[in-house]
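Colleague: Structure supplied as upload.txt; contents: compact mmCIF, C-alpha atoms.
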```
# COMPACT_ATOMS: atom_id res chain seq x y z
CA MET F 21 105.17 119.92 75.88
CA ALA F 22 103.04 118.77 72.95
CA LEU F 23 102.35 115.48 74.71
CA LEU F 24 101.30 117.33 77.86
CA HIS F 25 99.02 119.56 75.80
CA GLN F 26 97.38 116.51 74.23
CA LEU F 27 96.98 114.81 77.61
CA VAL F 28 95.38 117.88 79.19
CA ALA F 29 93.11 118.30 76.17
CA TRP F 30 92.05 114.64 76.45
CA ILE F 31 91.37 114.95 80.18
CA VAL F 32 89.34 118.11 79.66
CA ALA F 33 87.33 116.37 76.93
CA THR F 34 86.83 113.24 79.04
CA VAL F 35 85.74 115.11 82.16
CA SER F 36 83.51 117.30 80.02
CA GLN F 37 81.95 114.27 78.34
CA PHE F 38 81.36 112.18 81.46
CA GLY F 39 80.84 115.15 83.74
CA TYR F 40 81.06 114.66 87.46
CA LEU F 41 81.13 110.87 87.06
CA GLY F 42 84.37 111.26 85.12
CA ILE F 43 85.92 113.08 88.08
CA VAL F 44 84.88 110.30 90.47
CA ILE F 45 86.25 107.56 88.22
CA MET F 46 89.57 109.27 87.55
CA MET F 47 90.11 110.28 91.17
CA PHE F 48 89.34 106.70 92.16
CA LEU F 49 92.11 105.55 89.84
CA GLU F 50 94.43 108.28 91.14
CA SER F 51 93.86 107.22 94.75
CA SER F 52 94.12 103.47 94.20
CA PHE F 53 96.50 101.23 92.30
CA PHE F 54 96.89 103.36 89.17
CA PRO F 55 99.59 106.11 89.35
CA PHE F 56 97.36 108.75 87.81
CA PRO F 57 98.25 112.34 88.86
CA SER F 58 95.33 114.20 90.41
CA GLU F 59 96.34 117.50 88.82
CA VAL F 60 95.37 116.26 85.36
CA VAL F 61 91.85 115.63 86.65
CA MET F 62 91.01 118.43 89.06
CA VAL F 63 92.79 121.25 87.20
CA PRO F 64 90.72 120.69 84.02
CA ALA F 65 87.62 120.49 86.22
CA GLY F 66 88.50 123.92 87.58
CA TYR F 67 88.88 125.19 84.04
CA LEU F 68 85.44 123.82 83.13
CA ALA F 69 84.04 125.56 86.21
CA PHE F 70 85.58 128.82 84.97
CA LYS F 71 83.76 128.30 81.65
CA GLY F 72 80.51 127.75 83.54
CA GLU F 73 80.23 124.10 82.53
CA MET F 74 80.72 122.76 86.05
CA SER F 75 80.15 123.79 89.64
CA LEU F 76 83.29 124.18 91.74
CA GLY F 77 81.49 122.87 94.82
CA VAL F 78 80.10 119.77 93.13
CA ALA F 79 83.43 119.08 91.39
CA LEU F 80 85.15 119.26 94.79
CA ILE F 81 82.68 116.83 96.33
CA MET F 82 83.09 114.42 93.42
CA GLY F 83 86.88 114.63 93.74
CA ILE F 84 86.66 113.82 97.44
CA ILE F 85 84.28 110.91 96.80
CA GLY F 86 86.61 109.47 94.16
CA SER F 87 89.58 109.83 96.53
CA ILE F 88 87.69 108.10 99.33
CA LEU F 89 86.65 105.21 97.09
CA GLY F 90 90.20 104.72 95.82
CA GLY F 91 91.62 104.96 99.32
CA VAL F 92 89.11 102.47 100.73
CA PHE F 93 89.90 100.10 97.86
CA ASN F 94 93.60 100.10 98.79
CA TYR F 95 92.74 99.87 102.49
CA LEU F 96 90.60 96.76 101.94
CA LEU F 97 93.17 95.30 99.55
CA ALA F 98 95.89 95.60 102.21
CA LEU F 99 93.50 94.14 104.78
CA TRP F 100 92.75 91.20 102.49
CA LEU F 101 96.34 90.52 101.44
CA GLY F 102 97.61 90.90 104.99
CA ARG F 103 101.08 91.22 106.43
CA PRO F 104 102.42 87.91 105.01
CA PHE F 105 101.99 89.17 101.45
CA PHE F 106 103.89 92.40 102.06
CA HIS F 107 106.58 90.67 104.07
CA LYS F 108 107.09 88.23 101.19
CA TRP F 109 106.81 90.54 98.21
CA GLY F 110 107.54 93.97 99.69
CA LYS F 111 111.27 93.66 98.98
CA TYR F 112 110.55 93.66 95.25
CA ILE F 113 109.08 97.15 95.50
CA LEU F 114 111.82 98.37 97.88
CA ILE F 115 109.75 97.89 101.04
CA SER F 116 111.69 95.91 103.62
CA GLU F 117 110.09 93.88 106.41
CA ASP F 118 111.55 96.31 108.95
CA LYS F 119 109.92 99.28 107.20
CA ILE F 120 106.57 97.51 107.13
CA THR F 121 106.74 96.84 110.86
CA LYS F 122 107.69 100.46 111.61
CA VAL F 123 104.90 101.83 109.43
CA GLU F 124 102.36 99.53 111.08
CA LYS F 125 103.39 100.71 114.54
CA PHE F 126 103.27 104.34 113.41
CA PHE F 127 99.76 104.00 111.98
CA ALA F 128 98.53 102.15 115.04
CA ARG F 129 99.38 105.26 117.09
CA HIS F 130 99.29 108.13 114.61
CA GLY F 131 97.06 106.99 111.76
CA GLU F 132 95.09 110.25 111.66
CA ILE F 133 98.02 112.59 111.03
CA GLY F 134 99.65 110.04 108.70
CA THR F 135 96.54 109.71 106.55
CA PHE F 136 95.86 113.45 106.39
CA THR F 137 99.40 114.56 105.51
CA GLY F 138 99.91 111.56 103.22
CA ARG F 139 97.08 112.83 101.00
CA LEU F 140 99.03 116.05 100.45
CA ILE F 141 102.30 114.48 99.28
CA PRO F 142 102.86 113.33 95.66
CA VAL F 143 103.25 109.57 95.15
CA VAL F 144 102.63 108.96 98.86
CA ARG F 145 98.94 109.79 98.43
CA GLN F 146 98.50 106.78 96.13
CA TYR F 147 99.87 104.32 98.68
CA ILE F 148 99.13 105.80 102.11
CA SER F 149 96.04 103.60 102.38
CA PHE F 150 98.06 100.36 102.44
CA PRO F 151 99.69 100.89 105.86
CA ALA F 152 96.37 102.15 107.19
CA GLY F 153 94.78 98.87 106.14
CA LEU F 154 97.62 96.78 107.53
CA ALA F 155 97.37 98.61 110.85
CA ARG F 156 93.56 98.15 110.80
CA MET F 157 93.00 101.84 111.35
CA LYS F 158 89.41 102.58 112.30
CA MET F 159 87.51 102.95 109.03
CA SER F 160 85.50 105.99 110.10
CA LEU F 161 88.68 107.87 111.04
CA PHE F 162 90.43 106.73 107.85
CA ILE F 163 87.58 108.09 105.72
CA LEU F 164 87.41 111.32 107.72
CA TYR F 165 91.11 112.17 107.39
CA THR F 166 91.24 110.98 103.80
CA SER F 167 88.37 113.37 103.07
CA LEU F 168 90.10 116.28 104.80
CA GLY F 169 93.42 115.73 103.02
CA ALA F 170 91.87 115.06 99.64
CA GLY F 171 89.51 118.00 100.06
CA LEU F 172 92.37 120.42 100.71
CA TRP F 173 94.42 119.18 97.76
CA CYS F 174 91.47 119.05 95.35
CA SER F 175 90.47 122.59 96.36
CA ILE F 176 93.93 123.88 95.49
CA LEU F 177 93.93 122.12 92.12
CA LEU F 178 90.46 123.40 91.27
CA ALA F 179 91.58 126.92 92.12
CA ILE F 180 94.61 126.54 89.85
CA GLY F 181 92.43 125.37 86.97
CA TYR F 182 89.96 128.17 87.56
CA ILE F 183 92.70 130.82 87.57
CA ALA F 184 95.16 129.43 85.02
CA GLY F 185 92.66 127.96 82.56
CA ARG F 186 94.53 125.95 79.92
CA ASN F 187 97.79 127.86 80.22
CA GLU F 188 100.20 124.94 80.63
CA VAL F 189 103.10 127.11 81.79
CA LEU F 190 101.03 128.70 84.55
CA ILE F 191 99.51 125.35 85.54
CA LYS F 192 102.93 123.73 85.90
CA ALA F 193 104.29 126.67 87.89
CA TYR F 194 101.26 126.82 90.19
CA VAL F 195 101.18 123.06 90.77
CA ASN F 196 104.92 122.95 91.57
CA THR F 197 104.47 125.83 94.01
CA ALA F 198 101.47 124.13 95.58
CA VAL F 199 103.42 120.88 96.04
CA ILE F 200 106.26 122.73 97.77
CA TRP F 201 103.88 124.54 100.09
CA MET F 202 102.05 121.30 100.89
CA LEU F 203 105.35 119.62 101.78
CA VAL F 204 106.24 122.54 104.05
CA PHE F 205 102.77 122.55 105.57
CA SER F 206 102.88 118.78 106.17
CA ALA F 207 106.34 118.99 107.76
CA CYS F 208 105.21 121.79 110.08
CA LEU F 209 102.02 119.96 110.98
CA ILE F 210 103.88 116.75 111.76
CA GLY F 211 106.41 118.73 113.80
CA ILE F 212 103.70 120.40 115.88
CA TYR F 213 101.88 117.09 116.31
CA SER F 214 105.11 115.40 117.44
CA LEU F 215 105.80 118.11 120.05
CA ILE F 216 102.27 117.83 121.45
CA TYR F 217 102.48 114.03 121.50
CA LEU F 218 105.85 114.00 123.25
CA ARG F 219 104.69 116.52 125.87
CA ARG F 220 101.56 114.50 126.60
CA LYS F 221 103.62 111.34 126.82
CA ALA F 222 106.06 113.02 129.24
CA ASN F 223 103.16 114.09 131.48
CA ILE F 224 101.70 110.61 131.73
```
Since I need it in another form, could you write the structure as structure tokens?

Modeller:
Amino acid sequence: MALLHQLVAWIVATVSQFGYLGIVIMMFLESSFFPFPSEVVMVPAGYLAFKGEMSLGVALIMGIIGSILGGVFNYLLALWLGRPFFHKWGKYILISEDKITKVEKFFARHGEIGTFTGRLIPVVRQYISFPAGLARMKMSLFILYTSLGAGLWCSILLAIGYIAGRNEVLIKAYVNTAVIWMLVFSACLIGIYSLIYLRRKANI
């Protein structure tokens, strides 16, 4: 708990010092190769908004921009490395060749829903851009659905910070609840999308 308190205090100080640029940089890291949890960035930003030191709207925009930049970085990295790299080295990070092929096929057909829901799921949001890049998903659509997913999640975290302030117990409880609801929401959304897709396919 003491370590968490120190981490949150450091994030608050860093975001406060670098302002909106700090949000962009940290959300870029969170969305790219560095496993940096978004809640330790956007929640403190919400707290600073509560204190009147930041604007919720601008903080949200900066969070989305950072998420887009990090996502595009991973997208281009996957595009540059290509399938051979992941087929060769994927097994060392528990990604089999069969899984890579399945994910590529899924993103070729359903990249929009995969990108949007992927931004709402912990851990997945850091790596959802790789299959999008491998499948060569249209960049404009990738950015659009990354923005929508990141915008929804960042809005929730900002609200938590605004309401809970620096109360670590409340923050943890609210974030855990938000994660559960996002998982349920994503599952329902994917289920509805699948039903619509299957019905359209049956009518073709």

Colleague: Using only C-alpha atoms, determine which residues lie at most 9 Å from region 189-201 of chain F, disregarding the query and same-chain residues fewer than 2 positions distant; provide the list as number ranges by chain.

Modeller: F: 59, 63, 140-142, 173, 176-177, 180-181, 183-187, 203-206

Colleague: Quote the spacing between CA of Tyr95 (chain F) and CA of Met202 (chain F) in Å to one decimal place.

Modeller: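 If I compute the distance from CA of Tyr95 (chain F) to CA of Met202 (chain F), I get 23.4 Å.
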
Colleague: When you draw a straight line from CA of Leu97 (chain F) to CA of Ser214 (chain F), how long is it in Å?

Modeller: 29.4 Å

Colleague: Hey, what's within 7 Å of region 40-55 of chain F if we count only C-alpha atoms and toss same-chain stuff fewer than 2 positions away? As a ChimeraX atom specification, please?

Modeller: /F:34-35,38,57-58,61,79,82-83,85-87,89-91,93-94,145-146

Colleague: Need the shell around Glu73 (chain F): protein/DNA/RNA residues with any atom at most 12 Å away, counting all atoms listed in the file. Skip same-chain ones fewer than 2 positions apart. Format as a ChimeraX atom specification?

Modeller: /F:32-33,35-37,39-40,64-71,75-76,78-79,182

Colleague: Could you please determine the separation between CA of Ser160 (chain F) and CA of Ile210 (chain F) in Å, to one decimal place?

Modeller: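 Interatomic distance here is 21.4 Å.
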
Colleague: Calculated over all atoms listed in the file, which of the candidates F:Phe105, F:Arg129, F:Leu209, F:Thr137 has the smallest distance to Leu172 (chain F)?

Modeller: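 Closest to Leu172 (chain F) of all the choices is F:Thr137.
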
Colleague: Quick one: of F:Leu99, F:Leu164, F:Ala155, F:Cys174, who's nearest to Ile81 (chain F), counting all atoms listed in the file?

Modeller: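 Smallest separation from Ile81 (chain F) among the options: F:Cys174.
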
Colleague: Need the shell around Tyr165 (chain F): protein/DNA/RNA residues with any atom at most 10 Å away, counting only C-alpha atoms. Skip same-chain ones fewer than 3 positions apart. Format as a VMD selection string?

Modeller: chain F and resid 88 131 to 139 160 to 162 168 to 171
